[in-house]
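Undergrad: Input: one structure, supplied below.
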Protein chains: 2
Amino acid sequence: MNIGDVAKHAGLPAKTIRYYEDIGLIQPDRGTNGYRDFSENDLHKLRFLGQARSLGFSIEDCRDLLALYEDKDRASADVKHITEEHLEKIDSKITELQAMRRTLAHLVQACAGDDRPDCPILADLATARADPA
Amino acid sequence: MNIGDVAKHAGLPAKTIRYYEDIGLIQPDRGTNGYRDFSENDLHKLRFLGQARSLGFSIEDCRDLLALYEDKDRASADVKHITEEHLEKIDSKITELQAMRRTLAHLVQACAGDDRPDCPILADLATARADPA
DNA sequence: CATAAGGGTTCCAGTTACAGGAAGGTCAAG
DNA sequence: CTTGACCTTCCTGTAACTGGAACCCTTATG
């Protein structure tokens with residue numbers, strides 16, 4: 001299978017697939033013409049990677065997950081551990097964004113948004129916050 | 001004021017301040033020894049930038065906000081517009097992360113996390129999702 | 001006066017996960 | 001034979017810094 005077909009079937013851009021090969025996530029064969037020749041297993045891996053990436057796992061997490069996926073003697077605890085750590089990161093990110101969201105929503109609501117220069121948003125940004133020294 | 005002092009007062013790393021000068025957000029003077037010499041106004045700008053960045057505004061947004069901040073003839077509508085667009089981006093990001101969160105939480109909860117190889121997380125990742133072709 | 005500590009300076013590389021684009025080889029069809 | 005749609009590699013750029021090397025300036029101290 002050529003890269004274009006694999007891309008369609010895996011739902012990933014060809015650029016991304018080449019990149020995944022570059023960083024050693026997959027090792028497709030090569031035809032005599034130099035074209036990559038993807039196996040069914042390569043396709044499975046790429047789908048796996050696409051799914052993991054869409055859940056926000058980092059490439060390095062994906063590398064580890066893929067290794068566990070192919071290790072039939074793995075312990076599910078290892079997979080769970082990676083996933084839990086990832087979940088925690090997502091949670092902190094959500095919390096952080098929600099805090100920003102609250103502040104921004106207040107500011108937007110407080111700003112007239114007309115042609116006058118008075119602006120609570122700029123006033124807030126200009127308010128010094130850091131100067132413990 | 002030297003960069004170290006400004007860094008303390010603004011709550012930003014010196015590296016970041018140099019970077020902000022590089023990309024033209026601030027233009028501190030230079031002393032005869034080549035050291036940057038920051039004015040009170042520079043410090044205000046840096047605090048402004050720190051605050052805007054902590055609310056998740058991009059550097060380019062910050063550049064625009066800073067220009068509006070210094071333009072006493074600005075229209076608050078311009079500021080509000082930037083902020084609303086930023087708020088929308090934050091909202092989509094939150095929504096996206098919450099979707100990941102839900103899936104990940106289900107998977108974590110379904111995984112035994114012991115020394116056996118059976119793992120619903122890997123099973124889910126391995127489940128082909130993209131193949132509309 | 002030499003030196004050592006603690007500033008400051010520039011510049012270059014690395015980070016994340018690709019995307020865009022140039023230059024050029026390959027293949028099937030008309 | 002040429003055209004168009006593939007494929008290849010390689011280089012650059014993205015965002016917003018961070019780390020580190022190599023080197024200069026200043027001040028205090030023995």
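In the structure tokens, each chain is lettered A, B, ... as it comes, each chain's residues begin at 1, and ligands are numbered from 1 in order of appearance.
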Looking only at strand (DSSP E) from DSSP on the backbone, list the matching residues of chain B as a PDB file with N, CA, C and O atoms, in the first residue's frame.
TA:
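Result file out14.pdb:
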```pdb
ATOM      1  N   ASP B  29      16.377  51.381  26.929  1.00  0.00           N
ATOM      2  CA  ASP B  29      17.630  52.071  26.623  1.00  0.00           C
ATOM      3  C   ASP B  29      18.808  51.166  26.936  1.00  0.00           C
ATOM      4  O   ASP B  29      18.640  50.099  27.529  1.00  0.00           O
ATOM      5  N   ARG B  30      19.987  51.648  26.532  1.00  0.00           N
ATOM      6  CA  ARG B  30      21.215  50.932  26.880  1.00  0.00           C
ATOM      7  C   ARG B  30      22.157  51.871  27.610  1.00  0.00           C
ATOM      8  O   ARG B  30      22.304  53.038  27.209  1.00  0.00           O
ATOM      9  N   ARG B  36      21.124  46.794  29.432  1.00  0.00           N
ATOM     10  CA  ARG B  36      19.808  47.393  29.217  1.00  0.00           C
ATOM     11  C   ARG B  36      19.457  48.261  30.423  1.00  0.00           C
ATOM     12  O   ARG B  36      19.755  47.905  31.564  1.00  0.00           O
ATOM     13  N   ASP B  37      18.828  49.388  30.140  1.00  0.00           N
ATOM     14  CA  ASP B  37      18.428  50.285  31.227  1.00  0.00           C
ATOM     15  C   ASP B  37      16.921  50.541  31.120  1.00  0.00           C
ATOM     16  O   ASP B  37      16.469  51.297  30.270  1.00  0.00           O
TER      17      ASP B  37
END
```
Undergrad: With a distance threshold of 12 Å and counting only C-alpha atoms (C1' of nucleotides), extract the residues of chain D near chain B and express them as a list in words.
TA: DA15, DA16, DC17, DT18, DG19, DC24, DC25 and DT26 of chain D
Undergrad: Kindly save the residues from that selection, with C-alpha atoms (C1' of nucleotides) included, as a tab-separated table (two decimals), in the first residue's frame.
TA:
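As a result, out36.tsv now contains:
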```tsv
chain	number	residue	atom	x	y	z
D	15	DA	C1'	5.08	29.55	19.47
D	16	DA	C1'	7.18	31.20	23.05
D	17	DC	C1'	10.38	30.63	25.19
D	18	DT	C1'	14.58	27.78	27.95
D	19	DG	C1'	19.31	26.18	28.54
D	24	DC	C1'	32.35	41.28	29.46
D	25	DC	C1'	31.40	44.44	33.75
D	26	DT	C1'	31.36	45.55	38.58
```
Undergrad: Could you list, as a count of residues only, every residue of chain C that has an atom within 8 Å of an atom of chain A, counting only C-alpha atoms (C1' of nucleotides)?
TA: 4
Undergrad: Which chain A residues are at most 8 Å from chain B (counting only C-alpha atoms), as a ChimeraX atom specification?
TA: /A:8-11,44-45,47-49,51-52,54-56,65,69,72-81,83-84,87,90-91,94,97-98,100-101,103-105,108,111-119,121-122,125-133
Undergrad: Can you show chain B as a compact mmCIF listing (two decimals) with C-alpha atoms, in the first residue's frame once it has been least-squares superposed onto chain A, using every C-alpha atom paired in order?
TA:
```
# COMPACT_ATOMS: atom_id res chain seq x y z
CA MET B 1 0.00 0.04 -0.05
CA ASN B 2 1.30 3.49 -0.94
CA ILE B 3 1.36 6.36 1.49
CA GLY B 4 -1.62 8.12 -0.05
CA ASP B 5 -3.89 5.15 0.44
CA VAL B 6 -2.66 4.54 3.94
CA ALA B 7 -3.25 8.20 4.72
CA LYS B 8 -6.87 7.87 3.65
CA HIS B 9 -7.44 4.66 5.55
CA ALA B 10 -5.73 5.86 8.69
CA GLY B 11 -7.18 9.34 8.59
CA LEU B 12 -3.75 10.96 8.87
CA PRO B 13 -1.92 13.32 6.50
CA ALA B 14 0.90 11.73 4.52
CA LYS B 15 3.25 14.29 6.04
CA THR B 16 2.41 13.03 9.48
CA ILE B 17 3.00 9.44 8.47
CA ARG B 18 6.44 10.28 7.08
CA TYR B 19 7.17 12.11 10.30
CA TYR B 20 6.14 9.06 12.34
CA GLU B 21 8.55 6.99 10.33
CA ASP B 22 11.31 9.56 10.85
CA ILE B 23 10.95 9.35 14.60
CA GLY B 24 10.77 5.57 14.51
CA LEU B 25 7.14 4.92 15.37
CA ILE B 26 6.68 2.79 12.26
CA GLN B 27 9.05 1.04 9.85
CA PRO B 28 7.31 0.47 6.55
CA ASP B 29 9.05 -1.52 3.81
CA ARG B 30 10.30 0.09 0.63
CA GLY B 31 9.48 -0.96 -2.91
CA THR B 32 12.12 -1.12 -5.65
CA ASN B 33 11.07 2.36 -6.76
CA GLY B 34 11.83 3.79 -3.33
CA TYR B 35 8.19 4.16 -2.42
CA ARG B 36 7.11 3.18 1.07
CA ASP B 37 5.12 -0.04 1.09
CA PHE B 38 2.81 -0.24 4.09
CA SER B 39 1.56 -3.51 5.53
CA GLU B 40 -1.75 -4.11 7.27
CA ASN B 41 0.14 -4.02 10.54
CA ASP B 42 1.56 -0.60 9.70
CA LEU B 43 -1.95 0.58 9.02
CA HIS B 44 -3.14 -0.76 12.37
CA LYS B 45 -0.33 1.02 14.13
CA LEU B 46 -1.14 4.27 12.39
CA ARG B 47 -4.78 4.03 13.40
CA PHE B 48 -3.68 3.29 16.94
CA LEU B 49 -1.44 6.34 16.88
CA GLY B 50 -4.17 8.52 15.42
CA GLN B 51 -6.56 7.46 18.12
CA ALA B 52 -4.03 8.00 20.91
CA ARG B 53 -3.04 11.40 19.55
CA SER B 54 -6.67 12.44 19.30
CA LEU B 55 -6.97 11.68 23.00
CA GLY B 56 -4.12 14.08 23.58
CA PHE B 57 -1.35 11.61 24.38
CA SER B 58 2.09 12.97 23.59
CA ILE B 59 4.21 11.30 20.95
CA GLU B 60 6.40 9.82 23.66
CA ASP B 61 3.34 8.45 25.42
CA CYS B 62 2.25 7.03 22.09
CA ARG B 63 5.59 5.35 21.67
CA ASP B 64 5.22 3.70 25.07
CA LEU B 65 1.62 2.75 24.48
CA LEU B 66 2.48 1.25 21.13
CA ALA B 67 5.24 -0.82 22.72
CA LEU B 68 2.81 -2.05 25.36
CA TYR B 69 0.25 -2.74 22.67
CA GLU B 70 2.71 -5.00 20.91
CA ASP B 71 3.92 -6.66 24.09
CA LYS B 72 1.51 -9.46 24.78
CA ASP B 73 3.08 -9.95 28.22
CA ARG B 74 2.41 -6.37 29.30
CA ALA B 75 0.77 -5.51 32.60
CA SER B 76 -2.36 -3.46 32.19
CA ALA B 77 -1.13 -1.45 35.19
CA ASP B 78 1.52 0.11 32.97
CA VAL B 79 -1.05 1.26 30.48
CA LYS B 80 -3.32 2.53 33.19
CA HIS B 81 -0.48 4.44 34.78
CA ILE B 82 0.35 6.31 31.60
CA THR B 83 -3.30 7.09 31.06
CA GLU B 84 -3.85 8.32 34.60
CA GLU B 85 -0.90 10.66 34.40
CA HIS B 86 -2.19 11.98 31.12
CA LEU B 87 -5.62 12.45 32.62
CA GLU B 88 -4.14 14.48 35.45
CA LYS B 89 -2.38 16.76 33.00
CA ILE B 90 -5.61 17.27 31.12
CA ASP B 91 -7.38 18.08 34.34
CA SER B 92 -4.86 20.73 35.31
CA LYS B 93 -5.04 22.22 31.86
CA ILE B 94 -8.82 22.39 32.05
CA THR B 95 -8.66 24.01 35.46
CA GLU B 96 -6.16 26.56 34.21
CA LEU B 97 -8.25 27.38 31.16
CA GLN B 98 -11.41 27.71 33.20
CA ALA B 99 -9.73 30.24 35.45
CA MET B 100 -8.72 32.27 32.38
CA ARG B 101 -12.20 31.86 31.02
CA ARG B 102 -13.82 33.27 34.14
CA THR B 103 -11.61 36.35 34.15
CA LEU B 104 -11.98 36.95 30.44
CA ALA B 105 -15.75 36.56 30.58
CA HIS B 106 -15.96 39.14 33.36
CA LEU B 107 -13.79 41.54 31.42
CA VAL B 108 -15.69 41.14 28.19
CA GLN B 109 -18.95 41.68 29.99
CA ALA B 110 -17.61 44.81 31.68
CA CYS B 111 -16.34 46.41 28.46
CA ALA B 112 -18.71 48.67 26.58
CA GLY B 113 -17.15 47.79 23.26
CA ASP B 114 -17.94 51.11 21.64
CA ASP B 115 -15.84 53.83 20.05
CA ARG B 116 -14.79 55.37 23.34
CA PRO B 117 -11.34 54.67 24.74
CA ASP B 118 -12.33 53.69 28.29
CA CYS B 119 -11.77 49.99 28.64
CA PRO B 120 -11.90 47.82 31.77
CA ILE B 121 -10.00 45.12 29.94
CA LEU B 122 -6.96 47.31 29.41
CA ALA B 123 -7.38 48.67 32.88
CA ASP B 124 -7.20 45.17 34.27
CA LEU B 125 -4.16 44.24 32.19
CA ALA B 126 -2.44 47.40 33.30
CA THR B 127 -3.05 46.64 36.95
CA ALA B 128 0.22 45.61 38.43
CA ARG B 129 0.05 42.22 40.01
CA ALA B 130 3.61 41.07 40.37
CA ASP B 131 5.86 43.08 42.64
CA PRO B 132 6.56 41.10 45.76
CA ALA B 133 10.09 42.47 45.77
```
Undergrad: Quick one: residues within 12 Å of DC1 (chain D), only C-alpha atoms (C1' of nucleotides) counted, chain neighbours fewer than 2 positions away excluded, as a PyMOL selection string?
TA: (chain C and resi 29-30) or (chain D and resi 3)
Undergrad: Just the residues within 12 Å of DC23 (chain D), please, counting only C-alpha atoms (C1' of nucleotides), with nothing from its chain fewer than 6 positions along; format it as an MDAnalysis selection string.
TA: chainID C and resid 8:11
Undergrad: Would you list, as a CSV table (one decimal) with N, CA, C and O atoms, in the first residue's frame, the residues of region 32-113 of chain A that end up in helix (DSSP H, G or I) under DSSP run on this structure's backbone?
TA:
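Contents of part35.csv, as written:
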```csv
chain,number,residue,atom,x,y,z
A,40,GLU,N,-0.5,-4.3,6.5
A,40,GLU,CA,-1.7,-4.1,7.3
A,40,GLU,C,-1.4,-3.8,8.7
A,40,GLU,O,-2.1,-3.0,9.4
A,41,ASN,N,-0.3,-4.3,9.2
A,41,ASN,CA,0.2,-4.0,10.6
A,41,ASN,C,0.5,-2.6,10.7
A,41,ASN,O,0.2,-1.9,11.7
A,42,ASP,N,1.2,-2.0,9.7
A,42,ASP,CA,1.6,-0.6,9.7
A,42,ASP,C,0.3,0.2,9.8
A,42,ASP,O,0.2,1.2,10.6
A,43,LEU,N,-0.7,-0.2,9.0
A,43,LEU,CA,-1.9,0.6,9.0
A,43,LEU,C,-2.6,0.5,10.4
A,43,LEU,O,-3.1,1.5,10.9
A,44,HIS,N,-2.6,-0.6,11.0
A,44,HIS,CA,-3.1,-0.8,12.4
A,44,HIS,C,-2.4,0.2,13.4
A,44,HIS,O,-3.1,0.9,14.1
A,45,LYS,N,-1.1,0.2,13.3
A,45,LYS,CA,-0.3,1.0,14.1
A,45,LYS,C,-0.7,2.5,13.9
A,45,LYS,O,-0.8,3.3,14.9
A,46,LEU,N,-0.8,2.9,12.7
A,46,LEU,CA,-1.1,4.3,12.4
A,46,LEU,C,-2.5,4.7,12.9
A,46,LEU,O,-2.7,5.7,13.5
A,47,ARG,N,-3.4,3.7,12.8
A,47,ARG,CA,-4.8,4.0,13.4
A,47,ARG,C,-4.7,4.2,14.9
A,47,ARG,O,-5.3,5.0,15.5
A,48,PHE,N,-3.9,3.3,15.5
A,48,PHE,CA,-3.7,3.3,16.9
A,48,PHE,C,-3.1,4.7,17.3
A,48,PHE,O,-3.6,5.3,18.2
A,49,LEU,N,-2.1,5.1,16.6
A,49,LEU,CA,-1.4,6.4,16.9
A,49,LEU,C,-2.4,7.5,16.7
A,49,LEU,O,-2.5,8.4,17.5
A,50,GLY,N,-3.2,7.4,15.6
A,50,GLY,CA,-4.2,8.5,15.4
A,50,GLY,C,-5.2,8.6,16.5
A,50,GLY,O,-5.5,9.7,17.0
A,51,GLN,N,-5.6,7.5,17.0
A,51,GLN,CA,-6.6,7.5,18.1
A,51,GLN,C,-5.9,8.0,19.4
A,51,GLN,O,-6.5,8.8,20.1
A,52,ALA,N,-4.7,7.5,19.7
A,52,ALA,CA,-4.0,8.0,20.9
A,52,ALA,C,-3.8,9.5,20.8
A,52,ALA,O,-4.0,10.2,21.8
A,53,ARG,N,-3.3,10.0,19.7
A,53,ARG,CA,-3.1,11.4,19.5
A,53,ARG,C,-4.3,12.2,19.7
A,53,ARG,O,-4.3,13.3,20.2
A,54,SER,N,-5.4,11.7,19.2
A,54,SER,CA,-6.7,12.4,19.3
A,54,SER,C,-7.2,12.5,20.7
A,54,SER,O,-8.0,13.3,21.1
A,59,ILE,N,3.5,12.3,21.8
A,59,ILE,CA,4.2,11.4,20.9
A,59,ILE,C,5.0,10.3,21.8
A,59,ILE,O,4.9,9.1,21.5
A,60,GLU,N,5.6,10.8,22.8
A,60,GLU,CA,6.4,9.9,23.6
A,60,GLU,C,5.5,8.9,24.4
A,60,GLU,O,5.8,7.7,24.5
A,61,ASP,N,4.3,9.4,24.8
A,61,ASP,CA,3.3,8.5,25.4
A,61,ASP,C,2.9,7.5,24.3
A,61,ASP,O,2.8,6.3,24.6
A,62,CYS,N,2.7,7.9,23.2
A,62,CYS,CA,2.2,7.1,22.1
A,62,CYS,C,3.3,6.0,21.8
A,62,CYS,O,2.9,4.8,21.6
A,63,ARG,N,4.5,6.4,21.9
A,63,ARG,CA,5.6,5.4,21.7
A,63,ARG,C,5.5,4.3,22.7
A,63,ARG,O,5.6,3.1,22.4
A,64,ASP,N,5.3,4.7,24.0
A,64,ASP,CA,5.2,3.8,25.1
A,64,ASP,C,4.0,2.9,24.9
A,64,ASP,O,4.0,1.7,25.1
A,65,LEU,N,2.9,3.5,24.6
A,65,LEU,CA,1.6,2.8,24.5
A,65,LEU,C,1.7,1.8,23.4
A,65,LEU,O,1.2,0.6,23.5
A,66,LEU,N,2.3,2.2,22.3
A,66,LEU,CA,2.5,1.3,21.1
A,66,LEU,C,3.3,0.1,21.5
A,66,LEU,O,3.1,-1.1,21.1
A,67,ALA,N,4.4,0.3,22.3
A,67,ALA,CA,5.3,-0.8,22.7
A,67,ALA,C,4.5,-1.7,23.6
A,67,ALA,O,4.6,-3.0,23.5
A,68,LEU,N,3.7,-1.2,24.5
A,68,LEU,CA,2.8,-2.0,25.4
A,68,LEU,C,1.8,-2.8,24.5
A,68,LEU,O,1.5,-4.0,24.8
A,69,TYR,N,1.3,-2.1,23.5
A,69,TYR,CA,0.3,-2.7,22.7
A,69,TYR,C,0.9,-4.0,22.0
A,69,TYR,O,0.2,-5.0,21.9
A,70,GLU,N,2.1,-3.9,21.6
A,70,GLU,CA,2.7,-5.0,20.9
A,70,GLU,C,3.4,-6.0,21.9
A,70,GLU,O,3.8,-7.1,21.4
A,76,SER,N,-1.4,-4.5,32.5
A,76,SER,CA,-2.3,-3.4,32.2
A,76,SER,C,-2.1,-2.2,33.1
A,76,SER,O,-2.4,-1.1,32.8
A,77,ALA,N,-1.4,-2.5,34.3
A,77,ALA,CA,-1.1,-1.4,35.2
A,77,ALA,C,-0.2,-0.3,34.5
A,77,ALA,O,-0.4,0.9,34.8
A,78,ASP,N,0.7,-0.8,33.6
A,78,ASP,CA,1.5,0.2,33.0
A,78,ASP,C,0.8,1.1,32.1
A,78,ASP,O,1.0,2.3,32.0
A,79,VAL,N,-0.2,0.5,31.3
A,79,VAL,CA,-1.0,1.3,30.5
A,79,VAL,C,-1.9,2.3,31.3
A,79,VAL,O,-2.0,3.5,31.0
A,80,LYS,N,-2.4,1.8,32.3
A,80,LYS,CA,-3.3,2.6,33.2
A,80,LYS,C,-2.5,3.7,33.8
A,80,LYS,O,-3.0,4.9,33.9
A,81,HIS,N,-1.3,3.4,34.2
A,81,HIS,CA,-0.5,4.5,34.8
A,81,HIS,C,-0.3,5.7,33.8
A,81,HIS,O,-0.5,6.8,34.2
A,82,ILE,N,0.1,5.3,32.6
A,82,ILE,CA,0.3,6.4,31.6
A,82,ILE,C,-0.9,7.2,31.4
A,82,ILE,O,-0.9,8.4,31.3
A,83,THR,N,-2.0,6.5,31.3
A,83,THR,CA,-3.3,7.1,31.0
A,83,THR,C,-3.7,8.0,32.2
A,83,THR,O,-4.2,9.1,32.0
A,84,GLU,N,-3.5,7.5,33.4
A,84,GLU,CA,-3.8,8.4,34.6
A,84,GLU,C,-3.0,9.6,34.6
A,84,GLU,O,-3.5,10.7,34.9
A,85,GLU,N,-1.7,9.5,34.3
A,85,GLU,CA,-0.9,10.7,34.3
A,85,GLU,C,-1.4,11.7,33.3
A,85,GLU,O,-1.4,12.9,33.5
A,86,HIS,N,-1.7,11.2,32.1
A,86,HIS,CA,-2.2,12.0,31.1
A,86,HIS,C,-3.5,12.7,31.5
A,86,HIS,O,-3.7,13.9,31.3
A,87,LEU,N,-4.3,11.9,32.1
A,87,LEU,CA,-5.6,12.5,32.6
A,87,LEU,C,-5.4,13.6,33.6
A,87,LEU,O,-6.1,14.6,33.5
A,88,GLU,N,-4.4,13.5,34.4
A,88,GLU,CA,-4.2,14.5,35.4
A,88,GLU,C,-3.7,15.8,34.7
A,88,GLU,O,-4.1,16.9,35.1
A,89,LYS,N,-2.9,15.6,33.7
A,89,LYS,CA,-2.4,16.8,32.9
A,89,LYS,C,-3.6,17.5,32.3
A,89,LYS,O,-3.7,18.7,32.3
A,90,ILE,N,-4.5,16.7,31.7
A,90,ILE,CA,-5.6,17.3,31.1
A,90,ILE,C,-6.5,18.0,32.1
A,90,ILE,O,-7.0,19.1,31.8
A,91,ASP,N,-6.6,17.4,33.2
A,91,ASP,CA,-7.4,18.1,34.3
A,91,ASP,C,-6.8,19.4,34.7
A,91,ASP,O,-7.5,20.4,34.8
A,92,SER,N,-5.5,19.5,34.9
A,92,SER,CA,-4.9,20.7,35.2
A,92,SER,C,-5.1,21.8,34.1
A,92,SER,O,-5.3,23.0,34.4
A,93,LYS,N,-4.9,21.3,32.9
A,93,LYS,CA,-5.1,22.2,31.8
A,93,LYS,C,-6.5,22.8,31.8
A,93,LYS,O,-6.7,24.0,31.6
A,94,ILE,N,-7.5,21.9,32.0
A,94,ILE,CA,-8.9,22.4,32.0
A,94,ILE,C,-9.1,23.4,33.1
A,94,ILE,O,-9.7,24.5,32.9
A,95,THR,N,-8.6,23.1,34.3
A,95,THR,CA,-8.7,24.0,35.4
A,95,THR,C,-8.1,25.4,35.1
A,95,THR,O,-8.7,26.4,35.3
A,96,GLU,N,-6.9,25.3,34.5
A,96,GLU,CA,-6.2,26.6,34.1
A,96,GLU,C,-7.0,27.4,33.1
A,96,GLU,O,-7.2,28.6,33.3
A,97,LEU,N,-7.5,26.7,32.1
A,97,LEU,CA,-8.3,27.4,31.1
A,97,LEU,C,-9.6,27.9,31.7
A,97,LEU,O,-10.0,29.0,31.3
A,98,GLN,N,-10.2,27.2,32.6
A,98,GLN,CA,-11.4,27.7,33.1
A,98,GLN,C,-11.2,29.0,34.0
A,98,GLN,O,-12.1,29.9,34.0
A,99,ALA,N,-10.1,29.0,34.6
A,99,ALA,CA,-9.8,30.2,35.4
A,99,ALA,C,-9.6,31.4,34.4
A,99,ALA,O,-10.1,32.5,34.7
A,100,MET,N,-8.9,31.2,33.4
A,100,MET,CA,-8.7,32.2,32.3
A,100,MET,C,-10.1,32.6,31.8
A,100,MET,O,-10.5,33.8,31.7
A,101,ARG,N,-10.9,31.7,31.5
A,101,ARG,CA,-12.2,31.9,31.0
A,101,ARG,C,-13.1,32.8,31.9
A,101,ARG,O,-13.7,33.7,31.4
A,102,ARG,N,-13.1,32.5,33.2
A,102,ARG,CA,-13.8,33.3,34.1
A,102,ARG,C,-13.4,34.7,34.1
A,102,ARG,O,-14.3,35.6,33.9
A,103,THR,N,-12.1,35.0,34.2
A,103,THR,CA,-11.6,36.3,34.1
A,103,THR,C,-12.0,37.0,32.8
A,103,THR,O,-12.5,38.2,32.8
A,104,LEU,N,-11.7,36.3,31.7
A,104,LEU,CA,-12.0,37.0,30.4
A,104,LEU,C,-13.5,37.3,30.3
A,104,LEU,O,-13.9,38.3,29.7
A,105,ALA,N,-14.3,36.4,30.7
A,105,ALA,CA,-15.8,36.6,30.6
A,105,ALA,C,-16.2,37.8,31.4
A,105,ALA,O,-17.0,38.6,30.9
A,106,HIS,N,-15.7,38.0,32.6
A,106,HIS,CA,-16.0,39.1,33.4
A,106,HIS,C,-15.6,40.4,32.6
A,106,HIS,O,-16.3,41.4,32.5
A,107,LEU,N,-14.3,40.4,32.1
A,107,LEU,CA,-13.8,41.5,31.4
A,107,LEU,C,-14.6,41.9,30.2
A,107,LEU,O,-15.0,43.1,30.0
A,108,VAL,N,-14.9,40.9,29.4
A,108,VAL,CA,-15.7,41.2,28.2
A,108,VAL,C,-17.0,41.8,28.6
A,108,VAL,O,-17.5,42.7,28.0
A,109,GLN,N,-17.6,41.2,29.6
A,109,GLN,CA,-18.9,41.7,30.0
A,109,GLN,C,-18.9,43.1,30.5
A,109,GLN,O,-19.8,43.9,30.4
A,110,ALA,N,-17.7,43.5,31.1
A,110,ALA,CA,-17.6,44.8,31.7
A,110,ALA,C,-17.3,45.9,30.7
A,110,ALA,O,-17.4,47.1,31.0
```
Undergrad: Which value, in Å to one decimal, gives the distance between C1' of DT9 (chain D) and C1' of DG21 (chain C)?
TA: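 One can read the C1' of DT9 (chain D) to C1' of DG21 (chain C) distance as 12.3 Å.
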Undergrad: Could you please determine the separation between C1' of DA21 (chain D) and C1' of DA2 (chain C) in Å, to one decimal place?
TA: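 Pair C1' of DA21 (chain D) / C1' of DA2 (chain C) returns 25.1 Å.
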